[in-house]
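These notes concern the structure reproduced below.
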Amino acid sequence: MARCSRCGRSISGFSFGRKLCPWCQQAESAARGEDVETQRVEPVPWRQPSTDTRLVTQIIFGLNAAVFVGMMLAGAGLMGPSSQMAVDWGANFGPLTLSGEWWRLVSSCFVHFGILHIGFNMWCLWSLGELAERLYGRATFAVLYLLCGIGGSLGSIAWHGMPVVSAGASGAIFGIAGAVIASLKLGNTNNRWMASSIMQSLLVFVGYNVVFGALSGATDNACHFGGLFTGLLLGALIAKLAPASDFAPRAAVIALVAVLLLGWGFQIQHGKARLWHVHGTLRHMAAPPACNKGIGQLDA
């Protein structure tokens with residue numbers, strides 16, 4: 001996390017331009033006589049909360065790092081494993097995923113194609129995770145991350161005409177960005193000025209990486225969009241139907257989206273069955289060249 005050059009508060013790594021927190025940016029605007037909202041009282045930057053607000057983010061980060069180290073010890077190079085090795089470690093490969101290995105929709109979110117791939121994804125996760133975990137709470141954030149990862153994996157399978165090997169955390173990360181954007185736009189925030197500043201950074205992040213991914217030719221933008229739309233849906237439903245952290249409304253929203261993803265998965269399976277012969281010989285075919293979920297990464 002970066003720090004504000006004026007007050008020292010932690011700010012998101014997605015902050016562009018001057019390294020000022022939204023609070024200090026608003027203070028400068030007020031000093032210039034601009035019409036801004038009344039500032040809320042903020043804690044001093046050196047007063048830390050009594051509990052860690054990034055616990056789930058740290059756990060997800062650790063799981064990704066552990067899988068990467070395990071793959072390195074098993075023979076993967078720094079620049080990435082072979083496609084077959086990625087599949088062996090749980091990458092998303094349509095004929096296998098749709099023929100019963102549904103766990104690949106989740107496991108693929110923890111497999112990466114090399115040090116650059118995991119490095120960029122973990123930087124994004126670390127920067128965005130704290131914001132999302134503060135906004136939603138630990139339990140909701142953890143479930144959001146997994147559902148957005150599943151949405152991204154399904155999007156990848158649905159989009160590609162021929163099977164590709166896809167792996168990485170960016171589908172889930174895009175989903176978390178989408179959820180935060182929807183919540184800031186539709187929810188009742190304490191300070192709309194600050195919410196707008198954060199959302200602008202997130203929109204720049206999403207837009208830049210979608211364009212860069214499209215130009216690179218080696219990035220699974222279908223996974224990005226699948227995760228992003230899942231996150232937008234979750235964020236919008238939570239903002240409108242379950243803004244408080246009460247268990248029942250949150251659980252109902254999460255269950256609804258989970259059922260929608262389940263239905264989408266079976267629809268994809270039915271649609272791809274004839275094309276790929278999911279239950280036939282393609283289950284045992286050699287893996288094609290890898291298509292990373294990473295942002296701006298090269299094929300392994």
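Labeling convention for the structure tokens: chains A, B, ... as they appear, residues from 1 per chain, ligands from 1 in order of appearance.
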Per residue of stretch 231-277 of chain A within 12 Å of stretch 82-103 of chain A, record the nearest atom pair and its distance in Å to one decimal, counting only C-alpha atoms, with rows in chain order and ascending residue number, as JSON lines.
{"residue": "A:Leu262", "atom": "CA", "partner": "A:Trp102", "partner_atom": "CA", "distance": 10.4}
{"residue": "A:Trp264", "atom": "CA", "partner": "A:Leu98", "partner_atom": "CA", "distance": 11.8}
{"residue": "A:Gly265", "atom": "CA", "partner": "A:Leu98", "partner_atom": "CA", "distance": 8.2}
{"residue": "A:Phe266", "atom": "CA", "partner": "A:Leu98", "partner_atom": "CA", "distance": 8.4}
{"residue": "A:Gln267", "atom": "CA", "partner": "A:Leu98", "partner_atom": "CA", "distance": 10.5}
{"residue": "A:Ile268", "atom": "CA", "partner": "A:Leu98", "partner_atom": "CA", "distance": 8.3}
{"residue": "A:Gln269", "atom": "CA", "partner": "A:Leu98", "partner_atom": "CA", "distance": 5.7}
{"residue": "A:His270", "atom": "CA", "partner": "A:Leu98", "partner_atom": "CA", "distance": 9.1}
{"residue": "A:Gly271", "atom": "CA", "partner": "A:Leu98", "partner_atom": "CA", "distance": 10.6}
{"residue": "A:Lys272", "atom": "CA", "partner": "A:Leu98", "partner_atom": "CA", "distance": 8.5}
{"residue": "A:Ala273", "atom": "CA", "partner": "A:Leu98", "partner_atom": "CA", "distance": 8.4}
{"residue": "A:Arg274", "atom": "CA", "partner": "A:Pro95", "partner_atom": "CA", "distance": 11.2}
{"residue": "A:Leu275", "atom": "CA", "partner": "A:Pro95", "partner_atom": "CA", "distance": 10.1}
{"residue": "A:Trp276", "atom": "CA", "partner": "A:Pro95", "partner_atom": "CA", "distance": 6.7}
{"residue": "A:His277", "atom": "CA", "partner": "A:Pro95", "partner_atom": "CA", "distance": 7.8}
Worksheet item: Which neighbours of A:Met72 fall inside 9 Å, counting only C-alpha atoms, when residues of the same chain fewer than 6 positions from it are skipped, and could you give them as a PyMOL selection string?
Response: chain A and resi 78+80-81
Worksheet item: At what distance in Å, to one decimal, does atom CA of A:Glu28 lie from atom CA of A:Leu128?
Response: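 Calculated distance between atom CA of A:Leu128 and atom CA of A:Glu28 is 24.9 Å.
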Worksheet item: Pick the closest to A:Val69 from A:Gly151, A:Gly178, A:Gly226, A:Gly114: which is it, counting only C-alpha atoms?
Response: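 Using only C-alpha atoms, A:Val69 sits closest to A:Gly114.
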